[in-house]
file input_39.pdb (PDB, C-alpha atoms)
ATOM      1  CA  MET L   1     127.747 149.389 138.621
ATOM      2  CA  SER L   2     126.359 149.235 142.178
ATOM      3  CA  LEU L   3     124.067 151.062 144.539
ATOM      4  CA  ARG L   4     125.821 152.601 147.538
ATOM      5  CA  THR L   5     124.117 154.664 150.258
ATOM      6  CA  THR L   6     125.758 156.884 152.864
ATOM      7  CA  ASP L   7     124.400 159.423 155.370
ATOM      8  CA  ASP L   8     125.048 162.402 153.084
ATOM      9  CA  THR L   9     124.810 161.183 149.520
ATOM     10  CA  GLU L  10     123.205 158.397 147.547
ATOM     11  CA  VAL L  11     124.985 157.052 144.473
ATOM     12  CA  ILE L  12     122.965 155.281 141.802
ATOM     13  CA  VAL L  13     124.173 153.145 138.917
ATOM     14  CA  THR L  14     125.059 156.190 136.830
ATOM     15  CA  GLY L  15     127.303 157.437 139.576
ATOM     16  CA  VAL L  16     125.382 160.733 139.854
ATOM     17  CA  PRO L  17     124.603 161.709 143.484
ATOM     18  CA  LEU L  18     121.029 162.710 144.292
ATOM     19  CA  SER L  19     120.649 166.046 146.039
ATOM     20  CA  ARG L  20     119.074 166.241 149.459
ATOM     21  CA  ARG L  21     116.096 168.078 147.970
ATOM     22  CA  ARG L  22     115.444 165.260 145.510
ATOM     23  CA  ARG L  23     115.723 162.672 148.283
ATOM     24  CA  GLN L  24     113.246 164.617 150.394
ATOM     25  CA  LEU L  25     110.864 164.918 147.435
ATOM     26  CA  ARG L  26     111.058 161.196 146.821
ATOM     27  CA  LYS L  27     110.337 160.417 150.482
ATOM     28  CA  THR L  28     107.355 162.775 150.430
ATOM     29  CA  THR L  29     106.054 161.195 147.245
ATOM     30  CA  GLU L  30     106.408 157.719 148.721
ATOM     31  CA  SER L  31     104.537 158.808 151.871
ATOM     32  CA  TYR L  32     101.630 160.187 149.872
ATOM     33  CA  ALA L  33     101.635 157.083 147.692
ATOM     34  CA  PHE L  34     101.118 154.921 150.784
ATOM     35  CA  LEU L  35      98.385 157.273 152.027
ATOM     36  CA  SER L  36      96.652 157.577 148.663
ATOM     37  CA  PRO L  37      94.170 154.658 149.156
ATOM     38  CA  THR L  38      92.972 156.163 152.440
ATOM     39  CA  ILE L  39      92.818 159.670 150.972
ATOM     40  CA  ILE L  40      90.792 158.424 148.003
ATOM     41  CA  LEU L  41      88.357 156.602 150.306
ATOM     42  CA  LEU L  42      87.938 159.731 152.449
ATOM     43  CA  LEU L  43      87.238 161.805 149.360
ATOM     44  CA  VAL L  44      84.759 159.330 147.897
ATOM     45  CA  LEU L  45      82.963 158.338 151.106
ATOM     46  CA  MET L  46      83.126 161.551 153.162
ATOM     47  CA  ILE L  47      84.224 164.763 151.468
ATOM     48  CA  VAL L  48      82.237 164.365 148.231
ATOM     49  CA  PRO L  49      78.977 163.309 150.003
ATOM     50  CA  ILE L  50      79.281 166.214 152.443
ATOM     51  CA  ILE L  51      79.719 168.687 149.581
ATOM     52  CA  MET L  52      76.750 167.131 147.743
ATOM     53  CA  VAL L  53      74.505 167.356 150.833
ATOM     54  CA  ILE L  54      75.478 170.993 151.390
ATOM     55  CA  GLY L  55      74.597 171.681 147.766
ATOM     56  CA  TYR L  56      71.246 169.898 148.118
ATOM     57  CA  SER L  57      70.350 172.057 151.107
ATOM     58  CA  PHE L  58      70.257 175.122 148.850
ATOM     59  CA  GLN L  59      68.084 173.498 146.190
ATOM     60  CA  ASP L  60      64.466 172.487 145.911
ATOM     61  CA  ASN L  61      63.136 169.000 145.162
ATOM     62  CA  VAL L  62      66.518 167.369 144.628
ATOM     63  CA  ILE L  63      67.006 163.678 143.720
ATOM     64  CA  LEU L  64      63.453 163.321 142.365
ATOM     65  CA  ASN L  65      63.788 166.295 140.030
ATOM     66  CA  LYS L  66      66.339 166.236 137.203
ATOM     67  CA  SER L  67      66.535 170.036 137.209
ATOM     68  CA  PRO L  68      66.289 171.245 140.826
ATOM     69  CA  GLU L  69      66.011 174.971 141.440
ATOM     70  CA  PHE L  70      68.283 177.052 143.631
ATOM     71  CA  VAL L  71      66.244 178.407 146.553
ATOM     72  CA  GLY L  72      68.939 179.955 148.730
ATOM     73  CA  ILE L  73      68.261 179.709 152.453
ATOM     74  CA  ALA L  74      64.555 178.909 152.049
ATOM     75  CA  ASN L  75      65.099 175.326 153.233
ATOM     76  CA  PHE L  76      66.901 176.534 156.361
ATOM     77  CA  VAL L  77      64.068 178.953 157.140
ATOM     78  CA  GLU L  78      61.524 176.147 156.740
ATOM     79  CA  ILE L  79      63.461 173.694 158.917
ATOM     80  CA  LEU L  80      64.098 176.253 161.662
ATOM     81  CA  GLY L  81      60.387 177.078 161.643
ATOM     82  CA  ASP L  82      59.340 173.440 161.962
ATOM     83  CA  PRO L  83      58.172 172.558 165.517
ATOM     84  CA  GLY L  84      59.202 168.947 164.859
ATOM     85  CA  PHE L  85      62.824 170.030 164.391
ATOM     86  CA  TRP L  86      62.892 171.833 167.730
ATOM     87  CA  LYS L  87      61.182 168.936 169.487
ATOM     88  CA  ALA L  88      63.827 166.593 168.066
ATOM     89  CA  THR L  89      66.532 169.040 169.170
ATOM     90  CA  GLY L  90      65.153 169.108 172.726
ATOM     91  CA  ASN L  91      64.962 165.322 172.861
ATOM     92  CA  THR L  92      68.525 165.125 171.551
ATOM     93  CA  LEU L  93      69.738 167.465 174.289
ATOM     94  CA  VAL L  94      67.983 165.479 177.025
ATOM     95  CA  PHE L  95      69.202 162.176 175.631
ATOM     96  CA  THR L  96      72.773 163.407 175.096
ATOM     97  CA  ILE L  97      73.341 165.365 178.296
ATOM     98  CA  GLY L  98      71.710 162.692 180.469
ATOM     99  CA  SER L  99      73.793 159.959 178.851
ATOM    100  CA  VAL L 100      77.100 161.830 179.073
ATOM    101  CA  ILE L 101      76.656 162.799 182.732
ATOM    102  CA  ALA L 102      75.703 159.238 183.680
ATOM    103  CA  HIS L 103      78.568 157.795 181.611
ATOM    104  CA  LEU L 104      81.023 160.005 183.482
ATOM    105  CA  ILE L 105      79.656 159.261 186.961
ATOM    106  CA  LEU L 106      79.322 155.509 186.432
ATOM    107  CA  GLY L 107      82.593 155.228 184.540
ATOM    108  CA  LEU L 108      84.543 157.087 187.212
ATOM    109  CA  GLY L 109      82.848 155.204 190.041
ATOM    110  CA  PHE L 110      83.520 151.773 188.572
ATOM    111  CA  ALA L 111      87.057 152.768 187.562
ATOM    112  CA  MET L 112      87.871 153.837 191.119
ATOM    113  CA  MET L 113      86.383 150.628 192.475
ATOM    114  CA  LEU L 114      88.433 148.488 190.098
ATOM    115  CA  ASN L 115      91.551 150.490 190.945
ATOM    116  CA  SER L 116      91.035 150.048 194.666
ATOM    117  CA  THR L 117      93.394 147.826 196.637
ATOM    118  CA  LEU L 118      90.496 146.770 198.858
ATOM    119  CA  LEU L 119      89.311 144.319 196.210
ATOM    120  CA  HIS L 120      91.088 140.998 195.815
ATOM    121  CA  HIS L 121      92.916 140.508 192.523
ATOM    122  CA  ALA L 122      90.535 137.735 191.444
ATOM    123  CA  ALA L 123      87.473 139.835 192.327
ATOM    124  CA  ARG L 124      88.829 142.769 190.293
ATOM    125  CA  ALA L 125      89.346 140.511 187.284
ATOM    126  CA  ILE L 126      85.760 139.190 187.511
ATOM    127  CA  PHE L 127      84.267 142.663 187.905
ATOM    128  CA  ARG L 128      86.301 144.006 184.987
ATOM    129  CA  ALA L 129      84.971 141.255 182.741
ATOM    130  CA  LEU L 130      81.370 141.874 183.870
ATOM    131  CA  TYR L 131      81.477 145.659 183.653
ATOM    132  CA  VAL L 132      83.022 145.723 180.195
ATOM    133  CA  LEU L 133      80.444 143.319 178.696
ATOM    134  CA  PRO L 134      78.044 146.032 177.395
ATOM    135  CA  TRP L 135      80.902 147.479 175.350
ATOM    136  CA  LEU L 136      81.375 144.175 173.531
ATOM    137  CA  PHE L 137      77.829 143.994 172.171
ATOM    138  CA  THR L 138      76.839 145.562 168.866
ATOM    139  CA  VAL L 139      74.030 148.116 168.766
ATOM    140  CA  ALA L 140      71.705 145.585 167.124
ATOM    141  CA  VAL L 141      72.293 143.046 169.900
ATOM    142  CA  ILE L 142      71.763 145.699 172.579
ATOM    143  CA  ALA L 143      68.508 146.874 170.986
ATOM    144  CA  VAL L 144      67.079 143.356 170.621
ATOM    145  CA  LEU L 145      68.218 142.372 174.124
ATOM    146  CA  TRP L 146      66.568 145.333 175.834
ATOM    147  CA  ARG L 147      63.409 145.098 173.744
ATOM    148  CA  MET L 148      63.011 141.544 175.018
ATOM    149  CA  LEU L 149      63.827 142.484 178.614
ATOM    150  CA  LEU L 150      61.443 145.472 178.599
ATOM    151  CA  ALA L 151      58.564 143.798 176.767
ATOM    152  CA  PRO L 152      55.208 143.727 178.633
ATOM    153  CA  ASN L 153      55.802 140.028 179.335
ATOM    154  CA  GLY L 154      59.564 140.418 179.686
ATOM    155  CA  VAL L 155      61.958 139.795 182.558
ATOM    156  CA  ILE L 156      61.890 143.353 183.939
ATOM    157  CA  ASN L 157      58.115 143.436 184.329
ATOM    158  CA  PHE L 158      58.177 139.923 185.790
ATOM    159  CA  LEU L 159      60.674 140.955 188.457
ATOM    160  CA  LEU L 160      58.757 144.161 189.225
ATOM    161  CA  ASN L 161      55.385 142.375 189.060
ATOM    162  CA  THR L 162      53.969 144.936 186.640
ATOM    163  CA  ASP L 163      53.019 145.270 182.973
ATOM    164  CA  ILE L 164      54.503 148.664 182.057
ATOM    165  CA  GLU L 165      55.054 149.448 178.368
ATOM    166  CA  TRP L 166      58.558 150.843 178.853
ATOM    167  CA  LEU L 167      59.269 151.621 175.187
ATOM    168  CA  ALA L 168      55.704 152.515 174.208
ATOM    169  CA  SER L 169      54.816 154.872 177.054
ATOM    170  CA  PRO L 170      54.978 158.598 176.165
ATOM    171  CA  GLN L 171      56.072 159.315 179.736
ATOM    172  CA  LEU L 172      58.785 156.636 179.985
ATOM    173  CA  ALA L 173      60.117 156.005 176.467
ATOM    174  CA  LEU L 174      62.749 158.779 176.351
ATOM    175  CA  GLY L 175      64.058 157.938 179.816
ATOM    176  CA  THR L 176      64.117 154.248 178.912
ATOM    177  CA  ILE L 177      66.226 154.630 175.778
ATOM    178  CA  THR L 178      68.499 157.038 177.670
ATOM    179  CA  PHE L 179      69.001 154.346 180.306
ATOM    180  CA  ILE L 180      69.782 151.768 177.609
ATOM    181  CA  ASN L 181      72.338 154.110 176.035
ATOM    182  CA  ILE L 182      73.895 154.730 179.448
ATOM    183  CA  TRP L 183      74.212 150.991 180.046
ATOM    184  CA  ALA L 184      75.783 150.489 176.618
ATOM    185  CA  GLY L 185      78.262 153.383 176.825
ATOM    186  CA  TYR L 186      79.671 153.630 180.353
ATOM    187  CA  PRO L 187      82.415 150.974 179.808
ATOM    188  CA  PHE L 188      84.248 153.349 177.434
ATOM    189  CA  PHE L 189      84.542 155.879 180.252
ATOM    190  CA  MET L 190      85.378 153.182 182.780
ATOM    191  CA  VAL L 191      88.264 151.712 180.783
ATOM    192  CA  SER L 192      89.709 155.118 179.864
ATOM    193  CA  LEU L 193      89.465 156.507 183.401
ATOM    194  CA  LEU L 194      90.876 153.295 184.875
ATOM    195  CA  ALA L 195      93.948 153.728 182.677
ATOM    196  CA  GLY L 196      94.188 157.340 183.870
ATOM    197  CA  LEU L 197      93.905 156.327 187.531
ATOM    198  CA  GLN L 198      96.663 153.768 187.132
ATOM    199  CA  GLY L 199      98.866 156.494 185.651
ATOM    200  CA  ILE L 200      98.590 158.791 188.698
ATOM    201  CA  PRO L 201     101.871 158.683 190.672
ATOM    202  CA  GLY L 202     101.359 157.073 194.062
ATOM    203  CA  GLU L 203     103.614 159.708 195.637
ATOM    204  CA  LEU L 204     100.931 162.353 195.150
ATOM    205  CA  ASN L 205      98.370 160.494 197.264
ATOM    206  CA  GLU L 206     101.016 159.576 199.823
ATOM    207  CA  ALA L 207     102.076 163.213 200.169
ATOM    208  CA  ALA L 208      98.461 164.309 200.541
ATOM    209  CA  THR L 209      97.883 161.642 203.202
ATOM    210  CA  VAL L 210     100.948 162.784 205.121
ATOM    211  CA  ASP L 211      99.605 166.352 204.997
ATOM    212  CA  GLY L 212      96.419 165.113 206.650
ATOM    213  CA  ALA L 213      94.100 165.124 203.629
ATOM    214  CA  SER L 214      91.016 162.921 203.891
ATOM    215  CA  ALA L 215      89.916 160.507 201.160
ATOM    216  CA  ILE L 216      87.418 163.066 199.834
ATOM    217  CA  GLN L 217      90.042 165.806 199.806
ATOM    218  CA  ARG L 218      92.489 163.541 197.962
ATOM    219  CA  PHE L 219      89.770 162.788 195.424
ATOM    220  CA  TRP L 220      89.008 166.454 194.661
ATOM    221  CA  ASN L 221      92.551 167.825 194.953
ATOM    222  CA  VAL L 222      94.645 164.975 193.549
ATOM    223  CA  THR L 223      92.566 162.510 191.516
ATOM    224  CA  ILE L 224      90.278 164.913 189.646
ATOM    225  CA  PRO L 225      93.038 167.386 188.621
ATOM    226  CA  GLN L 226      95.122 164.486 187.309
ATOM    227  CA  LEU L 227      92.165 163.067 185.370
ATOM    228  CA  ARG L 228      90.849 166.420 184.103
ATOM    229  CA  PRO L 229      92.445 166.218 180.596
ATOM    230  CA  ILE L 230      91.067 162.699 180.100
ATOM    231  CA  ILE L 231      87.635 163.662 181.420
ATOM    232  CA  ILE L 232      87.357 166.665 179.083
ATOM    233  CA  SER L 233      88.383 164.570 176.075
ATOM    234  CA  LEU L 234      85.924 161.807 176.942
ATOM    235  CA  VAL L 235      83.045 164.225 177.529
ATOM    236  CA  LEU L 236      83.599 166.042 174.223
ATOM    237  CA  LEU L 237      83.862 162.780 172.277
ATOM    238  CA  ASP L 238      80.776 161.365 173.964
ATOM    239  CA  LEU L 239      78.800 164.529 173.239
ATOM    240  CA  ILE L 240      79.615 164.169 169.534
ATOM    241  CA  TRP L 241      78.863 160.436 169.388
ATOM    242  CA  THR L 242      75.701 160.473 171.500
ATOM    243  CA  SER L 243      74.160 163.471 169.751
ATOM    244  CA  GLN L 244      74.359 161.474 166.508
ATOM    245  CA  GLN L 245      73.011 158.207 167.907
ATOM    246  CA  PHE L 246      70.621 156.643 165.426
ATOM    247  CA  ALA L 247      70.719 152.851 165.340
ATOM    248  CA  LEU L 248      69.806 152.283 169.004
ATOM    249  CA  ILE L 249      66.806 154.621 168.883
ATOM    250  CA  TRP L 250      65.612 153.423 165.491
ATOM    251  CA  MET L 251      65.709 149.753 166.517
ATOM    252  CA  THR L 252      63.983 150.284 169.866
ATOM    253  CA  THR L 253      61.339 152.998 169.430
ATOM    254  CA  GLY L 254      61.781 154.331 165.887
ATOM    255  CA  GLY L 255      61.384 157.841 167.300
ATOM    256  CA  GLY L 256      57.964 157.065 168.790
ATOM    257  CA  PRO L 257      55.576 156.914 170.425
ATOM    258  CA  ILE L 258      54.141 160.201 169.069
ATOM    259  CA  ASP L 259      57.652 161.559 168.545
ATOM    260  CA  VAL L 260      58.624 161.561 172.235
ATOM    261  CA  THR L 261      61.933 159.844 171.377
ATOM    262  CA  GLU L 262      62.443 161.627 168.055
ATOM    263  CA  VAL L 263      66.020 162.917 167.867
ATOM    264  CA  LEU L 264      67.785 164.838 165.124
ATOM    265  CA  SER L 265      69.157 161.706 163.470
ATOM    266  CA  THR L 266      65.752 159.975 163.213
ATOM    267  CA  PHE L 267      64.063 163.264 162.260
ATOM    268  CA  THR L 268      66.487 163.686 159.350
ATOM    269  CA  TYR L 269      66.112 160.043 158.299
ATOM    270  CA  LYS L 270      62.315 160.292 158.185
ATOM    271  CA  LEU L 271      62.451 163.481 156.123
ATOM    272  CA  ALA L 272      64.482 161.649 153.497
ATOM    273  CA  PHE L 273      63.046 158.140 153.459
ATOM    274  CA  ALA L 274      59.506 158.571 154.800
ATOM    275  CA  LYS L 275      58.523 161.941 153.356
ATOM    276  CA  TYR L 276      61.007 161.819 150.456
ATOM    277  CA  ASP L 277      61.873 165.478 151.017
ATOM    278  CA  PHE L 278      65.576 165.159 150.356
ATOM    279  CA  SER L 279      66.179 168.911 150.289
ATOM    280  CA  LEU L 280      64.881 169.399 153.829
ATOM    281  CA  ALA L 281      66.674 166.240 154.945
ATOM    282  CA  ALA L 282      69.935 167.626 153.548
ATOM    283  CA  THR L 283      69.263 170.922 155.327
ATOM    284  CA  SER L 284      68.676 169.157 158.630
ATOM    285  CA  ALA L 285      71.851 167.133 158.102
ATOM    286  CA  VAL L 286      73.842 170.323 157.465
ATOM    287  CA  LEU L 287      72.548 171.827 160.720
ATOM    288  CA  VAL L 288      73.559 168.665 162.596
ATOM    289  CA  LEU L 289      76.973 168.851 160.920
ATOM    290  CA  LEU L 290      77.423 172.455 162.077
ATOM    291  CA  MET L 291      76.535 171.507 165.655
ATOM    292  CA  SER L 292      78.993 168.608 165.553
ATOM    293  CA  MET L 293      81.712 170.833 164.103
ATOM    294  CA  VAL L 294      81.386 173.207 167.053
ATOM    295  CA  LEU L 295      82.052 170.310 169.443
ATOM    296  CA  ALA L 296      84.831 169.023 167.192
ATOM    297  CA  VAL L 297      86.567 172.429 167.276
ATOM    298  CA  PHE L 298      86.517 172.415 171.085
ATOM    299  CA  TYR L 299      87.885 168.863 171.087
ATOM    300  CA  VAL L 300      90.739 169.691 168.700
ATOM    301  CA  ARG L 301      91.635 172.842 170.651
ATOM    302  CA  HIS L 302      91.691 170.829 173.872
ATOM    303  CA  GLN L 303      93.949 168.169 172.332
ATOM    304  CA  LYS L 304      96.349 170.838 171.054
ATOM    305  CA  ALA L 305      96.396 172.460 174.488
ATOM    306  CA  ARG L 306      97.266 169.071 176.035
ATOM    307  CA  ASP L 307     100.128 168.569 173.590
TER     308      ASP L 307
END
call {"tool": "encode", "arguments": {"input": "input_39.pdb", "output": "structure tokens"}}
result
Amino acid sequence: MSLRTTDDTEVIVTGVPLSRRRRQLRKTTESYAFLSPTIILLLVLMIVPIIMVIGYSFQDNVILNKSPEFVGIANFVEILGDPGFWKATGNTLVFTIGSVIAHLILGLGFAMMLNSTLLHHAARAIFRALYVLPWLFTVAVIAVLWRMLLAPNGVINFLLNTDIEWLASPQLALGTITFINIWAGYPFFMVSLLAGLQGIPGELNEAATVDGASAIQRFWNVTIPQLRPIIISLVLLDLIWTSQQFALIWMTTGGGPIDVTEVLSTFTYKLAFAKYDFSLAATSAVLVLLMSMVLAVFYVRHQKARD
């Protein structure tokens, strides 16, 4: 008795060949067996909680009440009629759009500089290490670092010879946390766009130069079209991530002062754990999920179009 395998048939100890359909079924079963731990984790940590939150959004006084009542869309009507929700939505838009635009401009600018042949190899290596540093810090480190730098007696005020309350001023707080998020997030764009720049064939720029194109014309007619798929992917991903930013805002301003830095993530958190209104918090979370799904659909469609 022996096990012998060929390209067409597989003979087991009984000498009975397995059909191709059985072999395919076994391979499929083995694949799902390897994936099963990940699938179970996704179900337990993502799918089930999402379904529970959606269910909570249609009920009243959940969590604290053993027998919550079904209220239909009443929670959605209440949330959409809450001025605080719309203020948080406006702050989220300002924070997100400002961050994404700055990430793109800074990331592309630094990527082009690091890809330039005008810089010495050693200088490029030093600048790459310096520019990528913000990406290496955790959100907690970034929040503590900038709170110290922007404190009334911090380094920034010392250098500017002033005593501005950067994170406590109603006029400056939103712009300040947007700046911090820009500083923390541009390296992702820089690294990705640098890889894209290095993948552009040199013959394209050489041909454009021979045709008499200036540096600006080569940028708009050669570089940007070649980077467009990467730029669209990065922008869509950054829109999704930034619109859901929570930790940085919570650890710097907590949504204050007087709600000027309140975004949808902190608004939802406070509904649940400050006001203990878990039904409205679930409703707000569902609305955020719907907004994110719209961006996710565009991202998936773009990726399929690229493929």
call {"tool": "resolve_selection", "arguments": {"input": "input_39.pdb", "expression": "the PyMOL selection byres ((chain L and resi 109) around 12)", "output": "PyMOL selection string"}}
result
chain L and resi 102-108+110-116+131+186-187+189-191+193-194+197+219
call {"tool": "resolve_selection", "arguments": {"input": "input_39.pdb", "expression": "the PyMOL selection byres ((chain L and resi 266-277) around 12)", "output": "MDAnalysis selection string"}}
result
chainID L and resid 53 56:57 59:65 75 79 82:89 91:92 243:256 259:265 278:289
call {"tool": "atom_distance", "arguments": {"input": "input_39.pdb", "atom1": "CA of Leu150 (chain L)", "atom2": "CA of Gln171 (chain L)"}}
result
14.9 Å
call {"tool": "resolve_selection", "arguments": {"input": "input_39.pdb", "expression": "the PyMOL selection byres ((chain L and resi 218) around 10)", "output": "PyMOL selection string"}}
result
chain L and resi 204-209+212-217+219-224
call {"tool": "atom_distance", "arguments": {"input": "input_39.pdb", "atom1": "CA of Arg124 (chain L)", "atom2": "CA of Leu234 (chain L)"}}
result
23.4 Å
call {"tool": "atom_distance", "arguments": {"input": "input_39.pdb", "atom1": "CA of Gln226 (chain L)", "atom2": "CA of Asp211 (chain L)"}}
result
18.3 Å
call {"tool": "axis_aligned_box", "arguments": {"input": "input_39.pdb", "around": "region 54-65 of chain L", "padding_each_side": "5 Å", "output": "lines of an AutoDock Vina configuration file"}}
result
center_x = 69.3
center_y = 169.2
center_z = 145.7
size_x = 22.3
size_y = 21.8
size_z = 21.4
call {"tool": "closest_residue", "arguments": {"input": "input_39.pdb", "among": "L:Val94, L:Phe34, L:Arg22, L:Glu165", "to": "Asn153 (chain L)", "atoms": "only C-alpha atoms"}}
result
L:Glu165
call {"tool": "residues_around", "arguments": {"input": "input_39.pdb", "residues": "Ala305 (chain L)", "least_positions_apart": "5", "cutoff": "10 Å", "atoms": "all atoms listed in the file", "output": "list in words"}}
result
Pro229, Tyr299 and Val300 of chain L
call {"tool": "closest_residue", "arguments": {"input": "input_39.pdb", "among": "L:Gln303, L:Thr178, L:Ser292, L:Ser192", "to": "Ser99 (chain L)", "atoms": "all atoms listed in the file"}}
result
L:Thr178
call {"tool": "closest_residue", "arguments": {"input": "input_39.pdb", "among": "L:Pro201, L:Gly98, L:Gly196, L:Gly185", "to": "Pro134 (chain L)", "atoms": "all atoms listed in the file"}}
result
L:Gly185
